[in-house]
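With mmCIF, C-alpha atoms and all ligand atoms; chains and numbers go by the auth columns inside, this is input-v6.cif:
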data_work
loop_
_atom_site.group_PDB
_atom_site.id
_atom_site.type_symbol
_atom_site.label_atom_id
_atom_site.label_comp_id
_atom_site.label_asym_id
_atom_site.label_seq_id
_atom_site.Cartn_x
_atom_site.Cartn_y
_atom_site.Cartn_z
_atom_site.B_iso_or_equiv
_atom_site.auth_seq_id
_atom_site.auth_asym_id
ATOM 1 C CA MET A 1 98.686 124.882 70.132 0.00 1 A
ATOM 2 C CA THR A 2 95.543 126.598 68.791 0.00 2 A
ATOM 3 C CA ASP A 3 96.303 129.033 66.010 0.00 3 A
ATOM 4 C CA TYR A 4 94.227 132.054 67.049 0.00 4 A
ATOM 5 C CA ALA A 5 93.669 134.915 64.598 0.00 5 A
ATOM 6 C CA PHE A 6 94.890 137.301 67.324 0.00 6 A
ATOM 7 C CA PRO A 7 96.100 136.780 70.893 0.00 7 A
ATOM 8 C CA PRO A 8 93.195 135.748 73.178 0.00 8 A
ATOM 9 C CA PRO A 9 92.482 137.977 76.201 0.00 9 A
ATOM 10 C CA ASP A 10 94.127 137.135 79.519 0.00 10 A
ATOM 11 C CA GLN A 11 92.294 134.640 81.730 0.00 11 A
ATOM 12 C CA ALA A 12 90.411 136.573 84.460 0.00 12 A
ATOM 13 C CA SER A 13 91.772 135.554 87.874 0.00 13 A
ATOM 14 C CA ILE A 14 91.845 136.535 91.525 0.00 14 A
ATOM 15 C CA GLY A 15 94.269 136.053 94.373 0.00 15 A
ATOM 16 C CA ILE A 16 94.135 133.239 96.906 0.00 16 A
ATOM 17 C CA ALA A 17 94.918 134.159 100.516 0.00 17 A
ATOM 18 C CA GLY A 18 98.140 132.539 101.724 0.00 18 A
ATOM 19 C CA SER A 19 99.116 131.299 98.260 0.00 19 A
ATOM 20 C CA SER A 20 101.079 132.572 95.286 0.00 20 A
ATOM 21 C CA LYS A 21 98.626 130.734 92.997 0.00 21 A
ATOM 22 C CA ARG A 22 95.764 132.512 91.228 0.00 22 A
ATOM 23 C CA PHE A 23 92.131 131.412 91.093 0.00 23 A
ATOM 24 C CA PRO A 24 91.046 131.294 87.411 0.00 24 A
ATOM 25 C CA VAL A 25 87.530 132.726 87.018 0.00 25 A
ATOM 26 C CA HIS A 26 85.115 130.833 84.783 0.00 26 A
ATOM 27 C CA ARG A 27 81.644 132.388 85.237 0.00 27 A
ATOM 28 C CA ILE A 28 80.104 134.803 87.742 0.00 28 A
ATOM 29 C CA TYR A 29 76.618 133.860 88.901 0.00 29 A
ATOM 30 C CA CYS A 30 74.693 136.272 91.114 0.00 30 A
ATOM 31 C CA VAL A 31 71.673 135.745 93.358 0.00 31 A
ATOM 32 C CA GLY A 32 68.998 138.441 93.600 0.00 32 A
ATOM 33 C CA ARG A 33 66.793 139.039 96.655 0.00 33 A
ATOM 34 C CA ASN A 34 68.419 136.700 99.160 0.00 34 A
ATOM 35 C CA PHE A 35 67.837 138.868 102.237 0.00 35 A
ATOM 36 C CA ALA A 36 64.214 139.674 103.136 0.00 36 A
ATOM 37 C CA GLU A 37 64.882 143.300 104.138 0.00 37 A
ATOM 38 C CA HIS A 38 66.696 143.976 100.856 0.00 38 A
ATOM 39 C CA ALA A 39 63.855 142.412 98.820 0.00 39 A
ATOM 40 C CA ARG A 40 61.462 144.788 100.625 0.00 40 A
ATOM 41 C CA GLU A 41 63.640 147.878 100.052 0.00 41 A
ATOM 42 C CA MET A 42 63.611 146.969 96.330 0.00 42 A
ATOM 43 C CA GLY A 43 59.809 146.807 96.402 0.00 43 A
ATOM 44 C CA ALA A 44 59.478 142.999 96.255 0.00 44 A
ATOM 45 C CA GLU A 45 57.910 140.612 98.748 0.00 45 A
ATOM 46 C CA PRO A 46 60.538 138.151 99.986 0.00 46 A
ATOM 47 C CA SER A 47 59.658 134.572 99.152 0.00 47 A
ATOM 48 C CA LYS A 48 61.225 131.154 99.319 0.00 48 A
ATOM 49 C CA GLY A 49 60.031 130.234 95.803 0.00 49 A
ATOM 50 C CA SER A 50 62.807 129.928 93.223 0.00 50 A
ATOM 51 C CA PRO A 51 65.933 132.058 93.646 0.00 51 A
ATOM 52 C CA VAL A 52 66.524 134.835 91.084 0.00 52 A
ATOM 53 C CA PHE A 53 69.806 134.541 89.150 0.00 53 A
ATOM 54 C CA PHE A 54 71.708 136.812 86.800 0.00 54 A
ATOM 55 C CA MET A 55 75.307 136.853 85.571 0.00 55 A
ATOM 56 C CA LYS A 56 78.278 139.122 85.153 0.00 56 A
ATOM 57 C CA PRO A 57 81.113 138.516 82.666 0.00 57 A
ATOM 58 C CA SER A 58 84.157 136.820 84.215 0.00 58 A
ATOM 59 C CA ASP A 59 86.387 139.819 83.466 0.00 59 A
ATOM 60 C CA ALA A 60 84.126 142.081 85.570 0.00 60 A
ATOM 61 C CA VAL A 61 86.241 140.998 88.573 0.00 61 A
ATOM 62 C CA ILE A 62 88.608 143.711 89.789 0.00 62 A
ATOM 63 C CA GLN A 63 91.149 143.634 92.609 0.00 63 A
ATOM 64 C CA ASN A 64 92.659 147.055 91.938 0.00 64 A
ATOM 65 C CA PRO A 65 91.417 149.224 94.849 0.00 65 A
ATOM 66 C CA HIS A 66 90.671 152.102 92.447 0.00 66 A
ATOM 67 C CA ILE A 67 87.199 151.394 91.084 0.00 67 A
ATOM 68 C CA PRO A 68 86.124 153.548 88.138 0.00 68 A
ATOM 69 C CA TYR A 69 82.730 155.262 88.381 0.00 69 A
ATOM 70 C CA PRO A 70 80.922 153.712 85.396 0.00 70 A
ATOM 71 C CA SER A 71 79.472 155.513 82.383 0.00 71 A
ATOM 72 C CA CYS A 72 75.739 155.951 81.721 0.00 72 A
ATOM 73 C CA THR A 73 74.525 156.104 85.326 0.00 73 A
ATOM 74 C CA SER A 74 73.785 158.710 87.955 0.00 74 A
ATOM 75 C CA ASP A 75 72.743 156.176 90.603 0.00 75 A
ATOM 76 C CA PHE A 76 75.692 153.818 91.112 0.00 76 A
ATOM 77 C CA HIS A 77 74.967 151.443 94.025 0.00 77 A
ATOM 78 C CA HIS A 78 76.960 149.160 96.316 0.00 78 A
ATOM 79 C CA GLU A 79 75.792 145.672 97.283 0.00 79 A
ATOM 80 C CA VAL A 80 78.122 143.847 99.674 0.00 80 A
ATOM 81 C CA GLU A 81 77.963 140.067 99.256 0.00 81 A
ATOM 82 C CA LEU A 82 79.395 136.748 100.355 0.00 82 A
ATOM 83 C CA VAL A 83 81.088 135.162 97.335 0.00 83 A
ATOM 84 C CA LEU A 84 81.505 131.417 96.850 0.00 84 A
ATOM 85 C CA ALA A 85 84.403 130.173 94.743 0.00 85 A
ATOM 86 C CA LEU A 86 83.928 126.702 93.257 0.00 86 A
ATOM 87 C CA GLY A 87 86.866 124.339 92.960 0.00 87 A
ATOM 88 C CA PRO A 88 87.566 121.047 91.230 0.00 88 A
ATOM 89 C CA SER A 89 85.669 118.782 93.698 0.00 89 A
ATOM 90 C CA LEU A 90 82.292 119.117 92.007 0.00 90 A
ATOM 91 C CA PRO A 91 79.762 116.380 92.765 0.00 91 A
ATOM 92 C CA GLU A 92 78.760 114.134 89.882 0.00 92 A
ATOM 93 C CA HIS A 93 75.137 114.143 91.025 0.00 93 A
ATOM 94 C CA TRP A 94 74.272 117.248 93.026 0.00 94 A
ATOM 95 C CA SER A 95 72.268 116.945 96.241 0.00 95 A
ATOM 96 C CA ALA A 96 71.674 119.026 99.364 0.00 96 A
ATOM 97 C CA GLU A 97 74.114 116.689 101.139 0.00 97 A
ATOM 98 C CA ASN A 98 77.046 116.980 98.723 0.00 98 A
ATOM 99 C CA ALA A 99 76.670 120.526 97.296 0.00 99 A
ATOM 100 C CA LEU A 100 79.127 122.081 99.775 0.00 100 A
ATOM 101 C CA GLN A 101 81.988 119.882 98.554 0.00 101 A
ATOM 102 C CA ALA A 102 82.091 122.142 95.468 0.00 102 A
ATOM 103 C CA VAL A 103 83.152 125.167 97.540 0.00 103 A
ATOM 104 C CA TYR A 104 86.891 125.883 97.279 0.00 104 A
ATOM 105 C CA GLY A 105 86.733 129.049 99.338 0.00 105 A
ATOM 106 C CA TYR A 106 84.918 132.223 100.263 0.00 106 A
ATOM 107 C CA ALA A 107 85.466 135.899 99.541 0.00 107 A
ATOM 108 C CA VAL A 108 83.719 139.203 100.090 0.00 108 A
ATOM 109 C CA GLY A 109 82.710 141.177 97.027 0.00 109 A
ATOM 110 C CA LEU A 110 80.616 144.048 95.764 0.00 110 A
ATOM 111 C CA ASP A 111 77.858 143.526 93.191 0.00 111 A
ATOM 112 C CA LEU A 112 78.110 147.056 91.789 0.00 112 A
ATOM 113 C CA THR A 113 74.903 148.168 90.120 0.00 113 A
ATOM 114 C CA ARG A 114 73.701 150.944 87.831 0.00 114 A
ATOM 115 C CA ARG A 115 70.477 151.217 89.849 0.00 115 A
ATOM 116 C CA ASP A 116 68.821 153.698 87.489 0.00 116 A
ATOM 117 C CA LEU A 117 69.307 151.357 84.524 0.00 117 A
ATOM 118 C CA GLN A 118 68.084 148.405 86.601 0.00 118 A
ATOM 119 C CA ALA A 119 64.928 150.273 87.634 0.00 119 A
ATOM 120 C CA ALA A 120 64.224 151.205 83.996 0.00 120 A
ATOM 121 C CA ALA A 121 64.790 147.593 82.886 0.00 121 A
ATOM 122 C CA LYS A 122 62.499 146.236 85.624 0.00 122 A
ATOM 123 C CA GLU A 123 59.767 148.683 84.636 0.00 123 A
ATOM 124 C CA LYS A 124 59.920 147.565 80.992 0.00 124 A
ATOM 125 C CA ARG A 125 60.501 143.879 81.883 0.00 125 A
ATOM 126 C CA LEU A 126 63.842 143.980 80.074 0.00 126 A
ATOM 127 C CA PRO A 127 67.100 142.175 80.995 0.00 127 A
ATOM 128 C CA TRP A 128 69.482 143.571 83.647 0.00 128 A
ATOM 129 C CA ASP A 129 72.767 143.138 81.764 0.00 129 A
ATOM 130 C CA THR A 130 73.678 146.810 81.405 0.00 130 A
ATOM 131 C CA ALA A 131 72.679 147.419 85.040 0.00 131 A
ATOM 132 C CA LYS A 132 74.744 144.555 86.459 0.00 132 A
ATOM 133 C CA GLY A 133 77.298 143.154 84.011 0.00 133 A
ATOM 134 C CA PHE A 134 79.505 146.142 83.209 0.00 134 A
ATOM 135 C CA ASP A 135 83.297 146.483 83.370 0.00 135 A
ATOM 136 C CA ALA A 136 84.773 146.422 86.895 0.00 136 A
ATOM 137 C CA SER A 137 81.338 145.680 88.401 0.00 137 A
ATOM 138 C CA ALA A 138 82.667 142.902 90.639 0.00 138 A
ATOM 139 C CA PRO A 139 85.369 144.087 93.091 0.00 139 A
ATOM 140 C CA ILE A 140 86.394 141.065 95.150 0.00 140 A
ATOM 141 C CA SER A 141 88.808 140.167 97.950 0.00 141 A
ATOM 142 C CA ASP A 142 91.285 137.329 97.713 0.00 142 A
ATOM 143 C CA ILE A 143 89.644 133.933 98.078 0.00 143 A
ATOM 144 C CA VAL A 144 90.070 132.335 101.485 0.00 144 A
ATOM 145 C CA PRO A 145 90.229 128.533 101.158 0.00 145 A
ATOM 146 C CA ILE A 146 87.540 126.766 103.209 0.00 146 A
ATOM 147 C CA GLN A 147 90.155 125.236 105.522 0.00 147 A
ATOM 148 C CA GLU A 148 90.754 128.767 106.872 0.00 148 A
ATOM 149 C CA ALA A 149 87.224 130.170 106.429 0.00 149 A
ATOM 150 C CA HIS A 150 84.811 129.042 109.103 0.00 150 A
ATOM 151 C CA LEU A 151 81.415 130.514 108.266 0.00 151 A
ATOM 152 C CA ASN A 152 78.392 130.171 110.485 0.00 152 A
ATOM 153 C CA ALA A 153 74.914 131.674 110.811 0.00 153 A
ATOM 154 C CA ASP A 154 76.268 134.476 113.026 0.00 154 A
ATOM 155 C CA THR A 155 79.093 135.526 110.672 0.00 155 A
ATOM 156 C CA LEU A 156 78.546 139.205 109.830 0.00 156 A
ATOM 157 C CA LEU A 157 78.697 140.661 106.345 0.00 157 A
ATOM 158 C CA SER A 158 79.168 144.431 106.427 0.00 158 A
ATOM 159 C CA LEU A 159 80.014 147.488 104.359 0.00 159 A
ATOM 160 C CA HIS A 160 81.269 150.863 105.534 0.00 160 A
ATOM 161 C CA VAL A 161 81.505 153.877 103.203 0.00 161 A
ATOM 162 C CA ASN A 162 83.683 156.806 104.367 0.00 162 A
ATOM 163 C CA GLY A 163 83.770 155.198 107.819 0.00 163 A
ATOM 164 C CA ILE A 164 79.964 154.980 108.174 0.00 164 A
ATOM 165 C CA GLN A 165 78.177 151.648 108.236 0.00 165 A
ATOM 166 C CA ARG A 166 75.825 151.243 105.269 0.00 166 A
ATOM 167 C CA GLN A 167 75.032 147.512 105.282 0.00 167 A
ATOM 168 C CA GLN A 168 75.227 144.726 107.827 0.00 168 A
ATOM 169 C CA ALA A 169 73.561 141.345 108.282 0.00 169 A
ATOM 170 C CA CYS A 170 74.468 137.890 109.486 0.00 170 A
ATOM 171 C CA LEU A 171 74.693 135.013 107.025 0.00 171 A
ATOM 172 C CA GLY A 172 71.885 133.226 108.879 0.00 172 A
ATOM 173 C CA ASP A 173 69.530 135.896 107.492 0.00 173 A
ATOM 174 C CA MET A 174 69.957 134.607 103.928 0.00 174 A
ATOM 175 C CA ILE A 175 66.688 133.246 102.523 0.00 175 A
ATOM 176 C CA PHE A 176 68.524 130.612 100.439 0.00 176 A
ATOM 177 C CA SER A 177 71.536 128.847 101.978 0.00 177 A
ATOM 178 C CA VAL A 178 74.781 128.121 100.131 0.00 178 A
ATOM 179 C CA SER A 179 73.642 124.552 99.407 0.00 179 A
ATOM 180 C CA ASP A 180 70.146 125.718 98.306 0.00 180 A
ATOM 181 C CA ILE A 181 71.783 128.065 95.795 0.00 181 A
ATOM 182 C CA LEU A 182 74.334 125.558 94.491 0.00 182 A
ATOM 183 C CA LEU A 183 71.638 122.935 94.034 0.00 183 A
ATOM 184 C CA ALA A 184 69.390 125.368 92.140 0.00 184 A
ATOM 185 C CA LEU A 185 72.276 126.619 89.951 0.00 185 A
ATOM 186 C CA SER A 186 73.450 123.080 89.187 0.00 186 A
ATOM 187 C CA GLY A 187 70.016 122.333 87.739 0.00 187 A
ATOM 188 C CA LEU A 188 70.253 125.318 85.391 0.00 188 A
ATOM 189 C CA TYR A 189 73.932 125.287 84.365 0.00 189 A
ATOM 190 C CA ALA A 190 76.895 122.923 84.152 0.00 190 A
ATOM 191 C CA LEU A 191 78.838 124.395 87.079 0.00 191 A
ATOM 192 C CA GLN A 192 82.610 124.399 86.610 0.00 192 A
ATOM 193 C CA PRO A 193 85.724 124.870 88.730 0.00 193 A
ATOM 194 C CA GLY A 194 86.413 128.608 88.663 0.00 194 A
ATOM 195 C CA ASP A 195 82.776 129.649 88.940 0.00 195 A
ATOM 196 C CA LEU A 196 81.989 132.412 91.442 0.00 196 A
ATOM 197 C CA VAL A 197 78.606 132.879 93.081 0.00 197 A
ATOM 198 C CA PHE A 198 77.630 136.257 94.565 0.00 198 A
ATOM 199 C CA MET A 199 75.107 135.273 97.232 0.00 199 A
ATOM 200 C CA GLY A 200 72.940 138.402 97.417 0.00 200 A
ATOM 201 C CA THR A 201 73.051 141.553 99.513 0.00 201 A
ATOM 202 C CA PRO A 202 71.546 142.713 102.818 0.00 202 A
ATOM 203 C CA SER A 203 69.439 145.881 103.031 0.00 203 A
ATOM 204 C CA GLY A 204 71.054 149.317 103.024 0.00 204 A
ATOM 205 C CA VAL A 205 72.085 149.511 99.366 0.00 205 A
ATOM 206 C CA ALA A 206 72.806 153.124 98.420 0.00 206 A
ATOM 207 C CA ALA A 207 74.728 155.355 96.039 0.00 207 A
ATOM 208 C CA LEU A 208 78.496 155.590 95.705 0.00 208 A
ATOM 209 C CA HIS A 209 80.179 158.779 94.470 0.00 209 A
ATOM 210 C CA LYS A 210 83.645 159.624 93.176 0.00 210 A
ATOM 211 C CA GLY A 211 86.047 159.841 96.095 0.00 211 A
ATOM 212 C CA ASP A 212 84.061 157.472 98.340 0.00 212 A
ATOM 213 C CA ARG A 213 86.151 154.985 100.280 0.00 213 A
ATOM 214 C CA PHE A 214 84.606 151.614 101.014 0.00 214 A
ATOM 215 C CA HIS A 215 85.476 148.797 103.382 0.00 215 A
ATOM 216 C CA ALA A 216 83.643 145.489 102.982 0.00 216 A
ATOM 217 C CA GLU A 217 84.106 142.689 105.475 0.00 217 A
ATOM 218 C CA LEU A 218 83.153 139.078 105.909 0.00 218 A
ATOM 219 C CA GLN A 219 83.744 138.993 109.649 0.00 219 A
ATOM 220 C CA GLY A 220 87.024 137.379 110.616 0.00 220 A
ATOM 221 C CA ILE A 221 87.559 135.953 107.125 0.00 221 A
ATOM 222 C CA ALA A 222 87.982 138.497 104.333 0.00 222 A
ATOM 223 C CA GLU A 223 88.193 142.242 103.788 0.00 223 A
ATOM 224 C CA LEU A 224 88.012 144.487 100.746 0.00 224 A
ATOM 225 C CA HIS A 225 89.071 148.154 100.632 0.00 225 A
ATOM 226 C CA GLY A 226 88.798 150.577 97.757 0.00 226 A
ATOM 227 C CA THR A 227 88.017 154.034 96.440 0.00 227 A
ATOM 228 C CA ILE A 228 85.664 155.153 93.678 0.00 228 A
ATOM 229 C CA ILE A 229 87.581 157.229 91.132 0.00 229 A
HETATM 230 MN MN MN B . 73.406 141.654 94.358 0.00 301 A
#
Any chance you could give the structure as structure tokens?
Amino acid sequence: MTDYAFPPPDQASIGIAGSSKRFPVHRIYCVGRNFAEHAREMGAEPSKGSPVFFMKPSDAVIQNPHIPYPSCTSDFHHEVELVLALGPSLPEHWSAENALQAVYGYAVGLDLTRRDLQAAAKEKRLPWDTAKGFDASAPISDIVPIQEAHLNADTLLSLHVNGIQRQQACLGDMIFSVSDILLALSGLYALQPGDLVFMGTPSGVAALHKGDRFHAELQGIAELHGTII
């Protein structure tokens, strides 16, 4: 046994629907600008060039429904997203044909964002870490194993806040497909079992305030409820 100088932090993990086992989180990759209407609302022209990636720390995942309003922002935004969870069946040589075998299951999550800090970083061409990778910035549902999660182009991704719909799109509107994204990521990083991939958000991103109740849904597959405190 490794003789650590002090006890290491707990392994970040999330629940698995229909199982008492936990999904151990390795890294959290996120895709920017994967829905054309959202790229436009952020002031960018949608393009099918190379996908934009950024990361959150693995312990940014939170399944407690009480989500703390973060420090150092006055423009705290929701982004509802399809989340891929990668399992142990990773291809040895990645291709468009075999990329999907890496997917263990799907979840719905929020890529919570300090939009004011992101806008300032974009303006100065600085990194997005403080805008995207803060504590509790990745609320996520339990992972639904692929055997029970049948996604298709018409599957709706939606977010309601205080009972009012803020975001909705079908997965077929994504610029880059699940296999496009996995193939691109696999060229940049050694993907591992336990990696999560937030696939990008539809248009309609907006501010959350203390007391807001949210309900995110990946139609017929996963749901996520919570309150900003
Ligand atoms: Mn996002």
Straight-line distance linking CA of Ile229 (chain A) with CA of Lys122 (chain A), stated in Å to one decimal:
27.9 Å
Suppose you want the space between CA of Phe6 (chain A) and CA of Val61 (chain A); what is it in Å?
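Interatomic distance here is 23.2 Å.
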Residues at most 6 Å from region 24-39 of chain A, counting all atoms listed in the file, excluding those fewer than 4 positions away in the same chain, as a list in words?
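Within the cut-off, the hits are Ala12, Ser13, Ala44, Pro46, Val52, Phe53, Phe54, Met55, Lys56, Ser58, Met174, Ile175, Gly194, Asp195, Leu196, Val197, Phe198, Met199, Gly200, Pro202 and Ser203 of chain A.
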Nearest candidate to ligand MN 301 (chain A) (options A:Glu148, A:Asp111, A:Asp129, A:Asp154; using only C-alpha atoms and all ligand atoms):
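Of the candidates, the smallest distance to ligand MN 301 (chain A) is held by A:Asp111.
Proximity ranking of A:Thr201, A:Asn152, A:Gln165, A:Gln118 relative to Thr73 (chain A) places A:Gln118 first, based on all atoms listed in the file.
In this model, the gap between CA of Gly18 (chain A) and CA of Ser141 (chain A) comes to 12.6 Å.
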Could you list, as a ChimeraX atom specification, every residue within 12 Å of Phe23 (chain A), counting all atoms listed in the file and ignoring same-chain residues fewer than 3 positions away?
/A:11-17,19-20,26,58,61,85-88,104-107,140-145,193-196
Dig up all the protein and nucleic acid residues within 6 Å of (82.4, 143.2, 93.2) in the file frame, using all atoms listed in the file, and format them as an mmCIF file with C-alpha atoms, in the frame of the given file.
data_model
loop_
_atom_site.group_PDB
_atom_site.id
_atom_site.type_symbol
_atom_site.label_atom_id
_atom_site.label_comp_id
_atom_site.auth_asym_id
_atom_site.auth_seq_id
_atom_site.Cartn_x
_atom_site.Cartn_y
_atom_site.Cartn_z
ATOM 1 C CA GLY A 109 82.710 141.177 97.027
ATOM 2 C CA LEU A 110 80.616 144.048 95.764
ATOM 3 C CA ASP A 111 77.858 143.526 93.191
ATOM 4 C CA LEU A 112 78.110 147.056 91.789
ATOM 5 C CA SER A 137 81.338 145.680 88.401
ATOM 6 C CA ALA A 138 82.667 142.902 90.639
ATOM 7 C CA PRO A 139 85.369 144.087 93.091
ATOM 8 C CA ILE A 140 86.394 141.065 95.150
#
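Comparing A:Val103, A:Ala131, A:Ala153, A:Val161 by their smallest distance to Ser177 (chain A), the closest is A:Ala153 (using all atoms listed in the file).
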Identify, on the basis of only C-alpha atoms, every residue whose closest approach to Ile67 (chain A) does not exceed 12 Å; exclude the query and any residue fewer than 4 positions from it along the same chain; express the result as a PyMOL selection string.
chain A and resi 60-63+76+78+110+112+135-140+208-214+224-229
Writing out the chosen residues with C-alpha atoms as a PDB file, in the coordinates of the input:
ATOM      1  CA  ALA A  60      84.126 142.081  85.570  1.00  0.00           C
ATOM      2  CA  VAL A  61      86.241 140.998  88.573  1.00  0.00           C
ATOM      3  CA  ILE A  62      88.608 143.711  89.789  1.00  0.00           C
ATOM      4  CA  GLN A  63      91.149 143.634  92.609  1.00  0.00           C
ATOM      5  CA  PHE A  76      75.692 153.818  91.112  1.00  0.00           C
ATOM      6  CA  HIS A  78      76.960 149.160  96.316  1.00  0.00           C
ATOM      7  CA  LEU A 110      80.616 144.048  95.764  1.00  0.00           C
ATOM      8  CA  LEU A 112      78.110 147.056  91.789  1.00  0.00           C
ATOM      9  CA  ASP A 135      83.297 146.483  83.370  1.00  0.00           C
ATOM     10  CA  ALA A 136      84.773 146.422  86.895  1.00  0.00           C
ATOM     11  CA  SER A 137      81.338 145.680  88.401  1.00  0.00           C
ATOM     12  CA  ALA A 138      82.667 142.902  90.639  1.00  0.00           C
ATOM     13  CA  PRO A 139      85.369 144.087  93.091  1.00  0.00           C
ATOM     14  CA  ILE A 140      86.394 141.065  95.150  1.00  0.00           C
ATOM     15  CA  LEU A 208      78.496 155.590  95.705  1.00  0.00           C
ATOM     16  CA  HIS A 209      80.179 158.779  94.470  1.00  0.00           C
ATOM     17  CA  LYS A 210      83.645 159.624  93.176  1.00  0.00           C
ATOM     18  CA  GLY A 211      86.047 159.841  96.095  1.00  0.00           C
ATOM     19  CA  ASP A 212      84.061 157.472  98.340  1.00  0.00           C
ATOM     20  CA  ARG A 213      86.151 154.985 100.280  1.00  0.00           C
ATOM     21  CA  PHE A 214      84.606 151.614 101.014  1.00  0.00           C
ATOM     22  CA  LEU A 224      88.012 144.487 100.746  1.00  0.00           C
ATOM     23  CA  HIS A 225      89.071 148.154 100.632  1.00  0.00           C
ATOM     24  CA  GLY A 226      88.798 150.577  97.757  1.00  0.00           C
ATOM     25  CA  THR A 227      88.017 154.034  96.440  1.00  0.00           C
ATOM     26  CA  ILE A 228      85.664 155.153  93.678  1.00  0.00           C
ATOM     27  CA  ILE A 229      87.581 157.229  91.132  1.00  0.00           C
TER      28      ILE A 229
END
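Counting all atoms listed in the file and comparing A:Ala184, A:Ala102, A:Val205, A:Ile221, the residue that lies closest to ligand MN 301 (chain A) is A:Val205.
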